[in-house]
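What's in final-v2.cif: mmCIF, C-alpha atoms
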```cif
data_run
#
loop_
_atom_site.label_atom_id
_atom_site.label_comp_id
_atom_site.auth_asym_id
_atom_site.auth_seq_id
_atom_site.Cartn_x
_atom_site.Cartn_y
_atom_site.Cartn_z
CA LEU A 1 34.14 37.08 -0.13
CA SER A 2 36.58 37.74 -2.93
CA ASP A 3 36.07 40.01 -5.90
CA ASP A 4 38.09 37.55 -7.95
CA PRO A 5 35.55 35.69 -10.21
CA GLU A 6 37.63 32.51 -10.13
CA LYS A 7 37.75 32.40 -6.32
CA LYS A 8 33.99 32.97 -6.03
CA ASN A 9 33.35 29.58 -7.61
CA HIS A 10 35.56 27.64 -5.19
CA ARG A 11 34.89 26.87 -1.54
CA PRO A 12 38.12 27.14 0.46
CA SER A 13 39.29 24.26 2.65
CA LEU A 14 38.47 24.76 6.34
CA THR A 15 41.25 22.53 7.60
CA GLY A 16 43.94 23.29 5.06
CA ASN A 17 44.91 19.63 4.67
CA LYS A 18 41.90 18.29 2.75
CA SER A 19 40.16 19.29 -0.42
CA ALA A 20 36.74 20.91 -0.09
CA SER A 21 35.03 17.86 -1.61
CA ASP A 22 36.77 15.50 0.84
CA GLU A 23 35.78 17.73 3.75
CA ILE A 24 32.15 17.79 2.64
CA ALA A 25 32.11 13.99 2.29
CA GLU A 26 33.57 13.59 5.79
CA VAL A 27 31.10 16.05 7.34
CA LEU A 28 28.13 14.37 5.67
CA ARG A 29 29.34 10.94 6.80
CA ARG A 30 29.17 12.14 10.40
CA ARG A 31 26.10 14.33 10.19
CA ILE A 32 23.64 12.37 8.02
CA PRO A 33 22.94 9.74 10.74
CA LEU A 34 22.24 12.60 13.17
CA TYR A 35 19.98 14.40 10.68
CA THR A 36 18.12 11.16 9.97
CA LYS A 37 17.62 10.43 13.67
CA ALA A 38 16.27 13.92 14.34
CA ALA A 39 13.99 14.14 11.29
CA ASP A 40 10.29 13.30 11.41
CA TYR A 41 9.97 13.48 7.62
CA GLN A 42 12.35 13.38 4.69
CA ILE A 43 11.89 14.57 1.11
CA GLU A 44 13.78 12.95 -1.74
CA THR A 45 15.29 15.82 -3.77
CA GLU A 46 17.41 13.99 -6.33
CA GLY A 47 16.35 14.84 -9.87
CA LYS A 48 13.62 17.22 -8.68
CA SER A 49 13.23 20.93 -9.26
CA ILE A 50 12.93 23.47 -6.44
CA GLU A 51 9.21 23.77 -7.23
CA GLU A 52 8.70 19.98 -6.98
CA VAL A 53 10.47 19.81 -3.62
CA ALA A 54 8.54 22.79 -2.28
CA SER A 55 5.20 21.33 -3.39
CA ALA A 56 5.84 18.23 -1.25
CA ILE A 57 6.07 20.26 1.96
CA PRO A 58 2.35 21.22 2.25
CA LEU A 59 1.42 17.54 1.83
CA ILE A 60 3.70 16.60 4.73
CA ILE A 61 2.24 19.34 6.92
CA ASP A 62 -1.27 18.17 6.05
CA ASN A 63 -0.41 14.58 7.00
CA MET A 64 1.13 15.77 10.29
CA ASN A 65 -2.26 17.18 11.27
CA LYS A 66 -4.09 13.92 10.59
CA GLU A 67 -4.72 11.25 13.18
CA PRO A 68 -3.03 7.91 12.40
CA ARG A 69 -5.39 5.28 10.99
CA ILE A 70 -5.14 1.62 11.95
CA ALA A 71 -6.13 -1.35 9.81
CA VAL A 72 -6.33 -4.82 11.35
CA GLY A 73 -6.97 -8.20 9.74
CA ILE A 74 -9.16 -11.01 11.07
CA ILE A 75 -7.95 -14.53 10.22
CA SER A 76 -10.09 -16.60 12.59
CA GLU A 77 -10.85 -20.26 11.87
CA THR A 78 -14.57 -20.15 12.72
CA THR A 79 -17.45 -17.70 12.47
CA ASP A 80 -17.85 -17.51 16.25
CA LYS A 81 -14.16 -16.68 16.70
CA ALA A 82 -14.34 -14.08 13.90
CA ILE A 83 -17.29 -12.39 15.64
CA LYS A 84 -15.40 -12.37 18.93
CA GLU A 85 -12.34 -10.87 17.24
CA LEU A 86 -14.44 -8.27 15.44
CA VAL A 87 -16.03 -7.08 18.67
CA ARG A 88 -12.57 -6.70 20.24
CA ILE A 89 -10.73 -5.18 17.28
CA GLN A 90 -13.27 -2.59 16.21
CA LYS A 91 -12.73 -0.80 19.52
CA VAL A 92 -9.36 0.40 18.25
CA ALA A 93 -9.21 -0.14 14.48
CA ASP A 94 -10.40 2.27 11.78
CA LEU A 95 -10.54 -0.39 9.05
CA ILE A 96 -10.91 -4.15 9.38
CA GLU A 97 -10.00 -6.76 6.79
CA LEU A 98 -12.14 -9.87 7.08
CA ARG A 99 -10.43 -12.89 5.50
CA LEU A 100 -13.26 -15.24 4.59
CA ASP A 101 -10.83 -17.85 3.26
CA TYR A 102 -9.56 -18.53 6.80
CA ILE A 103 -13.05 -19.21 8.19
CA LYS A 104 -13.72 -22.92 7.78
CA ASP A 105 -17.48 -22.72 8.34
CA ILE A 106 -18.02 -19.60 6.22
CA SER A 107 -21.34 -19.33 4.38
CA LYS A 108 -23.58 -16.51 3.22
CA ALA A 109 -25.62 -16.85 6.42
CA ASN A 110 -22.53 -16.74 8.62
CA LEU A 111 -21.16 -13.79 6.65
CA ASN A 112 -24.39 -11.97 7.48
CA ARG A 113 -23.90 -12.79 11.17
CA ILE A 114 -20.45 -11.22 11.11
CA LEU A 115 -21.21 -8.09 9.10
CA LYS A 116 -24.37 -7.11 10.92
CA ILE A 117 -22.46 -6.43 14.17
CA ARG A 118 -19.71 -4.28 12.65
CA THR A 119 -19.35 -0.65 13.66
CA LYS A 120 -16.29 0.20 11.55
CA ALA A 121 -15.47 0.08 7.84
CA ILE A 122 -14.72 -3.44 6.64
CA LYS A 123 -12.89 -4.92 3.68
CA VAL A 124 -13.95 -8.43 2.71
CA THR A 125 -11.30 -10.64 1.12
CA ASN A 126 -11.65 -14.25 -0.05
CA ARG A 127 -8.30 -15.48 -1.38
CA SER A 128 -8.00 -18.70 -3.36
CA THR A 129 -5.08 -21.06 -2.74
CA ALA A 130 -3.61 -19.98 -6.09
CA GLU A 131 -3.39 -16.44 -4.72
CA GLY A 132 -1.82 -17.45 -1.40
CA GLY A 133 -5.14 -17.83 0.41
CA LYS A 134 -6.98 -20.75 1.98
CA PHE A 135 -10.35 -20.91 0.18
CA THR A 136 -10.81 -24.42 -1.24
CA GLY A 137 -14.34 -24.14 -2.64
CA THR A 138 -15.25 -23.51 -6.26
CA GLU A 139 -14.57 -20.20 -7.96
CA LYS A 140 -18.34 -19.66 -8.25
CA GLU A 141 -18.68 -20.08 -4.46
CA ARG A 142 -15.73 -17.79 -3.81
CA ILE A 143 -17.06 -14.95 -5.97
CA GLY A 144 -20.56 -15.62 -4.62
CA LEU A 145 -19.40 -14.73 -1.10
CA LEU A 146 -17.96 -11.45 -2.39
CA LYS A 147 -21.29 -10.69 -4.06
CA LYS A 148 -23.03 -11.39 -0.75
CA ALA A 149 -20.66 -8.98 0.98
CA ILE A 150 -21.79 -6.29 -1.47
CA ASP A 151 -25.45 -7.12 -0.75
CA LEU A 152 -24.73 -6.74 2.96
CA GLY A 153 -23.16 -3.32 2.46
CA ALA A 154 -19.46 -4.04 3.02
CA GLU A 155 -17.44 -0.88 2.47
CA TYR A 156 -14.82 -2.69 0.39
CA ILE A 157 -14.28 -6.04 -1.30
CA ASP A 158 -10.95 -7.25 -2.67
CA VAL A 159 -10.99 -9.29 -5.88
CA GLU A 160 -7.89 -10.54 -7.66
CA LEU A 161 -7.00 -9.62 -11.25
CA SER A 162 -6.70 -13.37 -11.88
CA ALA A 163 -10.45 -13.74 -11.27
CA GLY A 164 -10.88 -12.56 -14.85
CA ASP A 165 -12.47 -9.62 -16.61
CA LYS A 166 -16.00 -11.07 -16.59
CA ALA A 167 -16.10 -11.70 -12.83
CA ILE A 168 -14.62 -8.29 -12.03
CA GLU A 169 -17.03 -6.56 -14.41
CA LYS A 170 -20.02 -8.26 -12.79
CA LEU A 171 -18.87 -7.17 -9.33
CA ASN A 172 -18.41 -3.59 -10.56
CA LYS A 173 -21.95 -3.60 -11.98
CA ILE A 174 -23.58 -4.63 -8.69
CA LYS A 175 -21.27 -2.82 -6.28
CA LYS A 176 -23.81 -0.22 -5.06
CA HIS A 177 -21.96 1.69 -2.31
CA THR A 178 -19.17 -0.87 -1.98
CA LYS A 179 -15.75 0.04 -3.37
CA ILE A 180 -14.01 -2.61 -5.45
CA ILE A 181 -10.31 -3.22 -4.90
CA CYS A 182 -8.73 -5.18 -7.77
CA SER A 183 -5.45 -6.73 -6.69
CA TYR A 184 -2.38 -8.47 -8.06
CA HIS A 185 0.03 -10.52 -5.95
CA ASN A 186 3.45 -11.96 -6.70
CA PHE A 187 5.05 -13.96 -3.89
CA LYS A 188 8.42 -14.34 -5.63
CA GLU A 189 9.47 -10.98 -7.02
CA ILE A 190 8.56 -7.70 -8.64
CA PRO A 191 7.94 -8.88 -12.21
CA GLY A 192 9.59 -7.29 -15.21
CA ASN A 193 6.18 -6.56 -16.74
CA LEU A 194 4.97 -4.52 -13.75
CA GLU A 195 3.87 -1.64 -15.98
CA GLU A 196 1.74 -4.01 -18.06
CA ILE A 197 0.12 -5.42 -14.92
CA TYR A 198 -0.59 -1.87 -13.75
CA LYS A 199 -2.26 -1.09 -17.09
CA ASN A 200 -4.38 -4.27 -16.90
CA LEU A 201 -5.51 -3.35 -13.40
CA LYS A 202 -6.51 0.12 -14.62
CA LYS A 203 -8.57 -1.43 -17.41
CA THR A 204 -10.84 -3.10 -14.83
CA ARG A 205 -12.08 0.38 -13.85
CA SER A 206 -12.13 -0.68 -10.20
CA ASP A 207 -12.28 2.00 -7.50
CA ILE A 208 -8.86 1.06 -6.14
CA ILE A 209 -6.09 -1.11 -7.56
CA LYS A 210 -3.52 -2.96 -5.48
CA ILE A 211 -0.13 -4.46 -6.31
CA ALA A 212 1.71 -6.51 -3.69
CA CYS A 213 5.01 -8.17 -4.60
CA VAL A 214 7.86 -9.73 -2.64
CA GLY A 215 11.02 -7.62 -2.69
CA ASN A 216 14.43 -9.17 -3.24
CA SER A 217 16.48 -6.01 -2.74
CA TYR A 218 16.04 -2.51 -1.32
CA LYS A 219 15.96 -1.20 -4.89
CA ASP A 220 12.56 -2.86 -5.32
CA ASN A 221 11.12 -0.17 -3.05
CA LEU A 222 12.09 2.47 -5.59
CA ILE A 223 10.34 0.54 -8.35
CA MET A 224 7.11 0.42 -6.35
CA LEU A 225 7.33 4.00 -5.10
CA ASN A 226 7.92 5.25 -8.64
CA LEU A 227 4.81 3.37 -9.76
CA ILE A 228 2.79 4.92 -6.92
CA ASP A 229 4.04 8.35 -8.02
CA LYS A 230 2.95 7.60 -11.59
CA ALA A 231 -0.50 6.48 -10.39
CA GLN A 232 -0.96 9.65 -8.35
CA LYS A 233 -0.19 11.79 -11.40
CA GLU A 234 -2.82 9.82 -13.32
CA ASN A 235 -5.37 10.17 -10.48
CA ILE A 236 -5.40 6.40 -9.96
CA GLU A 237 -5.95 5.07 -6.44
CA LEU A 238 -3.10 2.57 -6.08
CA ILE A 239 -2.03 0.56 -3.06
CA GLY A 240 1.57 -0.50 -3.72
CA ILE A 241 3.24 -2.88 -1.28
CA VAL A 242 6.65 -4.56 -1.27
CA MET A 243 6.33 -7.66 0.88
CA GLY A 244 9.10 -9.26 2.91
CA PRO A 245 12.03 -7.82 4.93
CA TYR A 246 13.29 -5.69 2.05
CA GLY A 247 9.92 -3.96 1.74
CA LYS A 248 9.67 -2.42 5.20
CA ILE A 249 10.64 1.01 3.84
CA CYS A 250 7.84 0.96 1.28
CA ARG A 251 5.21 -0.32 3.73
CA VAL A 252 5.99 2.41 6.28
#
```
Can the structure in the file be given as structure tokens, please?
Amino acid sequence: LSDDPEKKNHRPSLTGNKSASDEIAEVLRRRIPLYTKAADYQIETEGKSIEEVASAIPLIIDNMNKEPRIAVGIISETTDKAIKELVRIQKVADLIELRLDYIKDISKANLNRILKIRTKAIKVTNRSTAEGGKFTGTEKERIGLLKKAIDLGAEYIDVELSAGDKAIEKLNKIKKHTKIICSYHNFKEIPGNLEEIYKNLKKTRSDIIKIACVGNSYKDNLIMLNLIDKAQKENIELIGIVMGPYGKICRV
């Protein structure tokens, strides 16, 4: 170390033929892939204070001590096949999503047949064709099956924001011990009015809100992750998913 104040602020070159900044860039170029390969977890530090970075570490340690949880979807074409799948899947899954819109012979009676044999938590979803699903009945029939799922004690039901305030409000009023997930889907992009959609989802006062959009670049992951961070600070339970190849980072 030098006692010269000017020299204290400058890192000397280790090779003598490159500037310190060029040396650092070269070292990082070689080392970052090795660091990434060896790391189990990474913390984004850009724009964060020392306190913010440090506060993320206990959360990582806590998650390291938790067993991984597995969610599996059932998209069978008939009630009998759905029951067979449920018996097989619930041996390994912690949460099961039952897609009623795929079951061609679904009815309230058949829904009862399926749910009464479950041993794990189940989320009942009934997507309309407008929301990328396969249910072709009336909207009254579609919502009616979700109401029946509540009556039968399903742990979760998923209802779209597009179902309207009245339908969502009615489901919230009768939910008993079922948790309501209010969801929004965009199969083209992350819309420019994402914040507005988030606010509209919050207004439904559902237990959990969900936003799933197709990503068109890796930057879309940052948009969704920033929204998740905002929701956490507001104590809002948000599931944020970027669909498609670009969204793998966010989904992991």
All residues 6 Å or closer to region 148-162 of chain A, all atoms listed in the file, same chain fewer than 5 positions away omitted, as a PyMOL selection string = chain A and resi 121-125+175+178-184
Which residues would end up in the selection if the PyMOL selection byres ((chain A and resi 100) around 8) were applied here, given that I need the answer as an mmCIF file with C-alpha atoms, in the frame of the given file?
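After the write, selection.cif holds the following:
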```cif
data_model
loop_
_atom_site.group_PDB
_atom_site.id
_atom_site.type_symbol
_atom_site.label_atom_id
_atom_site.label_comp_id
_atom_site.auth_asym_id
_atom_site.auth_seq_id
_atom_site.Cartn_x
_atom_site.Cartn_y
_atom_site.Cartn_z
ATOM 1 C CA ILE A 75 -7.950 -14.530 10.220
ATOM 2 C CA LEU A 98 -12.140 -9.870 7.080
ATOM 3 C CA ARG A 99 -10.430 -12.890 5.500
ATOM 4 C CA ASP A 101 -10.830 -17.850 3.260
ATOM 5 C CA TYR A 102 -9.560 -18.530 6.800
ATOM 6 C CA ILE A 103 -13.050 -19.210 8.190
ATOM 7 C CA ILE A 106 -18.020 -19.600 6.220
ATOM 8 C CA VAL A 124 -13.950 -8.430 2.710
ATOM 9 C CA THR A 125 -11.300 -10.640 1.120
ATOM 10 C CA ASN A 126 -11.650 -14.250 -0.050
ATOM 11 C CA ARG A 127 -8.300 -15.480 -1.380
ATOM 12 C CA PHE A 135 -10.350 -20.910 0.180
#
```
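Once the PyMOL selection byres ((chain A and resi 185) around 6) is applied to this file, the selection holds Tyr184, Asn186, Ala212 and Cys213 of chain A.
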Keeping C-alpha atoms, export the residues of the selection given above as a PDB file, keeping the file's coordinate frame.
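Saved to again12.pdb:
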```pdb
ATOM      1  CA  TYR A 184      -2.380  -8.470  -8.060  1.00  0.00           C
ATOM      2  CA  ASN A 186       3.450 -11.960  -6.700  1.00  0.00           C
ATOM      3  CA  ALA A 212       1.710  -6.510  -3.690  1.00  0.00           C
ATOM      4  CA  CYS A 213       5.010  -8.170  -4.600  1.00  0.00           C
TER       5      CYS A 213
END
```
Residue neighbourhood Val72 (chain A), 12 Å, only C-alpha atoms, exclusion window fewer than 5 positions, as an mmCIF file with C-alpha atoms, keeping the file's coordinate frame:
```
data_model
loop_
_atom_site.group_PDB
_atom_site.id
_atom_site.type_symbol
_atom_site.label_atom_id
_atom_site.label_comp_id
_atom_site.auth_asym_id
_atom_site.auth_seq_id
_atom_site.Cartn_x
_atom_site.Cartn_y
_atom_site.Cartn_z
ATOM 1 C CA GLU A 85 -12.340 -10.870 17.240
ATOM 2 C CA LEU A 86 -14.440 -8.270 15.440
ATOM 3 C CA ARG A 88 -12.570 -6.700 20.240
ATOM 4 C CA ILE A 89 -10.730 -5.180 17.280
ATOM 5 C CA GLN A 90 -13.270 -2.590 16.210
ATOM 6 C CA LYS A 91 -12.730 -0.800 19.520
ATOM 7 C CA VAL A 92 -9.360 0.400 18.250
ATOM 8 C CA ALA A 93 -9.210 -0.140 14.480
ATOM 9 C CA ASP A 94 -10.400 2.270 11.780
ATOM 10 C CA LEU A 95 -10.540 -0.390 9.050
ATOM 11 C CA ILE A 96 -10.910 -4.150 9.380
ATOM 12 C CA GLU A 97 -10.000 -6.760 6.790
ATOM 13 C CA LEU A 98 -12.140 -9.870 7.080
ATOM 14 C CA ARG A 99 -10.430 -12.890 5.500
ATOM 15 C CA LYS A 120 -16.290 0.200 11.550
ATOM 16 C CA ALA A 121 -15.470 0.080 7.840
ATOM 17 C CA ILE A 122 -14.720 -3.440 6.640
ATOM 18 C CA LYS A 123 -12.890 -4.920 3.680
#
```
Nearest to Lys199 (chain A) among A:Ile223, A:Ile114, A:Ile211, A:Ile241, with distances taken over all atoms listed in the file: which residue is it?
-> A:Ile211
Of the candidates A:Lys210, A:Lys147, A:Arg69, A:Lys219, which one gets nearest to Gly240 (chain A) if we count only C-alpha atoms?
-> A:Lys210
Around the point (3.2, 1.6, 4.7), in the coordinates given by the file, pick out the residues reaching within 10 Å, counting only C-alpha atoms, and return them as a list in words.
-> Ile239, Gly240, Ile241, Val242, Gly247, Lys248, Ile249, Cys250, Arg251 and Val252 of chain A
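You will find CA of Glu169 (chain A) at 12.0 Å from CA of Leu201 (chain A).
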Carefully work through the PyMOL selection byres ((chain A and resi 189) around 8) for this structure and note down the residues it includes, as a PyMOL selection string.
-> chain A and resi 186-188+190-191+213-216
Return the single residue from A:Gly132, A:Gly137, A:Gly244, A:Gly164 that is closest to Asp220 (chain A), with distances computed using all atoms listed in the file.
->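 When distances to Asp220 (chain A) are compared using all atoms listed in the file, the smallest one comes from A:Gly244.
Across the model, the gap from CA of Asp165 (chain A) to CA of Asn200 (chain A) is 9.7 Å.
Counting only C-alpha atoms and comparing A:Glu26, A:Asp40, A:Asp207, A:Glu139, the residue that lies closest to Ile61 (chain A) is A:Asp40.
Between Arg118 (chain A) and the candidates A:Ala82, A:Thr138, A:Lys233, A:Ile208, the tightest atom-to-atom separation, counting only C-alpha atoms, involves A:Ala82.
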To one decimal place, how far is CA of Ile143 (chain A) from CA of Ala163 (chain A) in Å?
->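 Rounded to one decimal, the two atoms are 8.6 Å apart.
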For Leu171 (chain A), which residue out of A:Leu111, A:Val27, A:Leu146, A:Ile74 is the nearest one, using all atoms listed in the file?
->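 Of A:Leu111, A:Val27, A:Leu146, A:Ile74, the one nearest Leu171 (chain A), counting all atoms listed in the file, is A:Leu146.
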